[in-house]
Amino acid sequence: MTTLSTPAGKTLTFRPLNLGRYLVWGGFALLLLVAPWIFAKGAALSILSQIGTVMLFGLSYNMLLGQGGMLSFGHAVYSGLGGFVAIHVMNQAAGVTVPVTLIPLVGGVAGLLFGVLFGYVTTRKSGTTFAMITLGLVELVFAASLMFPGFFGGEGGVTTNRVIGKPFLGISYGPQIEVYYLIAFWLFISTAAMYAFTHTPLGRMLNAVRDNPERAAFIGYDTQWVRYLALILSAFFAGISGALGAINFEIVSAENVSALRSGSILLFVFIGGIGYFFGPLIGAVVGVGFVVMLSEYTAAWQLYLGLFFITLVRFAPAGLASLLMLLLRVAKFGKFARLRAPLLATGGAVLVAATGVVFAVELLYRRTLESGGAPSRLLGVTLDAHAALPWLVAATLFVAGVLAYRASAPRYLAQWHAVNSEIAESIAKGRP
């Protein structure tokens, strides 16, 4: 930004065009528009719709965890209750009073109101105490969902029909493609609003309360009030996500307000990276990939998800977004070519070792749990848990991958440290 003073005493301000921001947001919108045409086979459209709702849910959760340092084990309460209110409004309004297009807003308002109610209690404490209170809250609401079937529908949940009322501009929300674009629309609008929140005084103050609550209180800010407002706004966007899920699946059940769902979104956000605004977007893709797509091929998908999470926390505790940003930083300074060969060698070694682990797990699973180890196929490969050859192949792949990793990792790490030291030196000297 440049400021000039004119002879008349007026001040002229010039703000350069932030081309990068327009490209990022334009690319995000374009990706949402063309995704159904890129992934157009089988159940891809349904999976994309699920990813969209989880992305929105994850972004709303990251308002608490990433921006406010508030570890919540009960965020599904606001998403689930928003979904319940939205689905009851759909059933009662029959598309006349509230069109389906605005139902997500109904869920958002419901989530906001529950945030006002529950947040006043939960945000009076911070840290571990806050986390434990939210865990108690989600268990309380889950128990209530089974005790009051009139509202929650009992174990069967509440169902609806999204094709209600007269079509508007030919849109009935019967075809899945129309539901996807409804989710994409609300995802884009909500993402932009949540990003804008990070640049508001409240968003900046929330970061200060996260980093140093004592200092924020010392300069006159009520830290509990800051956390409370942030939770209310987070609950609003979580409610939108819950309502979109109700429209997509046409059912909301007790599972939507369970600790399991809260734990799942916590896991996905951590995988994506809580320190980055776009981290939950990556986490949603990976999480839905494990839960929906990988579960189609193996019943041991939860084991793989756990192993992946443990490995990520061990080697990249800041999540996948941190790895992406570090690589982009290296590329920006024109030094990625030096990392390409050692990175490919190390990554290939990890892939070979992981393949060996997968084969061993699948063989063990089939031998102990599935039909006594009868031969079966996985990704086009026949696995016979009673034969020696598959076990030998799995062991060979694992050992070869480990040895290759031990041989290639030192070179990669040495090159990585050298490149980043040069980048730090360039930054210190003010050179791009």
# chains A, B, ... in the order shown; residues from 1 in each chain; ligands from 1
call {"tool": "select_by_dssp", "arguments": {"residues": "stretch 88-261 of chain A", "states": "strand (DSSP E)", "output": "ChimeraX atom specification"}}
result
/A:158-159,251-252
call {"tool": "residues_around", "arguments": {"residues": "A:Gly272", "least_positions_apart": "6", "cutoff": "12 Å", "atoms": "only C-alpha atoms", "output": "PyMOL selection string"}}
result
chain A and resi 55+58-59+62+66+265-266+278-287+309+312-313+316-325
call {"tool": "closest_residue", "arguments": {"among": "A:Tyr297, A:Phe237, A:Phe308, A:Tyr405", "to": "A:Gly108", "atoms": "only C-alpha atoms"}}
result
A:Phe237
call {"tool": "closest_residue", "arguments": {"among": "A:Gly52, A:Gly27, A:Pro213, A:Gly242", "to": "A:Gly82", "atoms": "only C-alpha atoms"}}
result
A:Gly242
call {"tool": "decode", "arguments": {"residues": "stretch 338-361 of chain A", "atoms": "N, CA and C atoms", "output": "PDB file, in the first residue's frame"}}
result
ATOM      1  N   ARG A 338      16.649 -29.791  -6.539  1.00  0.00           N
ATOM      2  CA  ARG A 338      17.653 -30.476  -5.719  1.00  0.00           C
ATOM      3  C   ARG A 338      17.028 -31.531  -4.808  1.00  0.00           C
ATOM      4  N   LEU A 339      15.740 -31.368  -4.520  1.00  0.00           N
ATOM      5  CA  LEU A 339      15.057 -32.316  -3.635  1.00  0.00           C
ATOM      6  C   LEU A 339      14.331 -33.416  -4.393  1.00  0.00           C
ATOM      7  N   ARG A 340      14.152 -33.232  -5.700  1.00  0.00           N
ATOM      8  CA  ARG A 340      13.286 -34.147  -6.442  1.00  0.00           C
ATOM      9  C   ARG A 340      13.763 -35.595  -6.362  1.00  0.00           C
ATOM     10  N   ALA A 341      15.023 -35.845  -6.684  1.00  0.00           N
ATOM     11  CA  ALA A 341      15.532 -37.228  -6.710  1.00  0.00           C
ATOM     12  C   ALA A 341      15.519 -37.878  -5.327  1.00  0.00           C
ATOM     13  N   PRO A 342      16.086 -37.251  -4.285  1.00  0.00           N
ATOM     14  CA  PRO A 342      16.024 -37.898  -2.956  1.00  0.00           C
ATOM     15  C   PRO A 342      14.612 -38.024  -2.418  1.00  0.00           C
ATOM     16  N   LEU A 343      13.732 -37.077  -2.766  1.00  0.00           N
ATOM     17  CA  LEU A 343      12.341 -37.163  -2.307  1.00  0.00           C
ATOM     18  C   LEU A 343      11.629 -38.339  -2.952  1.00  0.00           C
ATOM     19  N   LEU A 344      11.839 -38.523  -4.254  1.00  0.00           N
ATOM     20  CA  LEU A 344      11.212 -39.651  -4.946  1.00  0.00           C
ATOM     21  C   LEU A 344      11.752 -40.975  -4.424  1.00  0.00           C
ATOM     22  N   ALA A 345      13.057 -41.030  -4.154  1.00  0.00           N
ATOM     23  CA  ALA A 345      13.653 -42.267  -3.643  1.00  0.00           C
ATOM     24  C   ALA A 345      13.095 -42.617  -2.268  1.00  0.00           C
ATOM     25  N   THR A 346      13.033 -41.620  -1.388  1.00  0.00           N
ATOM     26  CA  THR A 346      12.510 -41.865  -0.038  1.00  0.00           C
ATOM     27  C   THR A 346      11.027 -42.194  -0.083  1.00  0.00           C
ATOM     28  N   GLY A 347      10.259 -41.434  -0.879  1.00  0.00           N
ATOM     29  CA  GLY A 347       8.834 -41.703  -0.995  1.00  0.00           C
ATOM     30  C   GLY A 347       8.548 -43.071  -1.582  1.00  0.00           C
ATOM     31  N   GLY A 348       9.339 -43.478  -2.572  1.00  0.00           N
ATOM     32  CA  GLY A 348       9.171 -44.811  -3.148  1.00  0.00           C
ATOM     33  C   GLY A 348       9.456 -45.905  -2.145  1.00  0.00           C
ATOM     34  N   ALA A 349      10.491 -45.703  -1.322  1.00  0.00           N
ATOM     35  CA  ALA A 349      10.818 -46.695  -0.295  1.00  0.00           C
ATOM     36  C   ALA A 349       9.679 -46.829   0.716  1.00  0.00           C
ATOM     37  N   VAL A 350       9.120 -45.698   1.130  1.00  0.00           N
ATOM     38  CA  VAL A 350       7.992 -45.724   2.070  1.00  0.00           C
ATOM     39  C   VAL A 350       6.799 -46.443   1.447  1.00  0.00           C
ATOM     40  N   LEU A 351       6.551 -46.192   0.160  1.00  0.00           N
ATOM     41  CA  LEU A 351       5.433 -46.826  -0.526  1.00  0.00           C
ATOM     42  C   LEU A 351       5.611 -48.340  -0.599  1.00  0.00           C
ATOM     43  N   VAL A 352       6.830 -48.794  -0.885  1.00  0.00           N
ATOM     44  CA  VAL A 352       7.091 -50.240  -0.945  1.00  0.00           C
ATOM     45  C   VAL A 352       6.883 -50.886   0.422  1.00  0.00           C
ATOM     46  N   ALA A 353       7.416 -50.243   1.479  1.00  0.00           N
ATOM     47  CA  ALA A 353       7.234 -50.785   2.826  1.00  0.00           C
ATOM     48  C   ALA A 353       5.762 -50.799   3.225  1.00  0.00           C
ATOM     49  N   ALA A 354       5.038 -49.736   2.882  1.00  0.00           N
ATOM     50  CA  ALA A 354       3.609 -49.669   3.211  1.00  0.00           C
ATOM     51  C   ALA A 354       2.834 -50.751   2.476  1.00  0.00           C
ATOM     52  N   THR A 355       3.205 -51.042   1.233  1.00  0.00           N
ATOM     53  CA  THR A 355       2.551 -52.109   0.481  1.00  0.00           C
ATOM     54  C   THR A 355       2.745 -53.454   1.167  1.00  0.00           C
ATOM     55  N   GLY A 356       3.957 -53.686   1.677  1.00  0.00           N
ATOM     56  CA  GLY A 356       4.209 -54.921   2.420  1.00  0.00           C
ATOM     57  C   GLY A 356       3.359 -55.022   3.674  1.00  0.00           C
ATOM     58  N   VAL A 357       3.193 -53.885   4.389  1.00  0.00           N
ATOM     59  CA  VAL A 357       2.362 -53.876   5.595  1.00  0.00           C
ATOM     60  C   VAL A 357       0.907 -54.165   5.242  1.00  0.00           C
ATOM     61  N   VAL A 358       0.423 -53.567   4.155  1.00  0.00           N
ATOM     62  CA  VAL A 358      -0.969 -53.777   3.742  1.00  0.00           C
ATOM     63  C   VAL A 358      -1.214 -55.245   3.410  1.00  0.00           C
ATOM     64  N   PHE A 359      -0.313 -55.850   2.648  1.00  0.00           N
ATOM     65  CA  PHE A 359      -0.483 -57.265   2.314  1.00  0.00           C
ATOM     66  C   PHE A 359      -0.471 -58.132   3.569  1.00  0.00           C
ATOM     67  N   ALA A 360       0.415 -57.844   4.504  1.00  0.00           N
ATOM     68  CA  ALA A 360       0.481 -58.635   5.730  1.00  0.00           C
ATOM     69  C   ALA A 360      -0.802 -58.481   6.550  1.00  0.00           C
ATOM     70  N   VAL A 361      -1.301 -57.259   6.666  1.00  0.00           N
ATOM     71  CA  VAL A 361      -2.532 -57.025   7.419  1.00  0.00           C
ATOM     72  C   VAL A 361      -3.710 -57.750   6.777  1.00  0.00           C
TER      73      VAL A 361
END
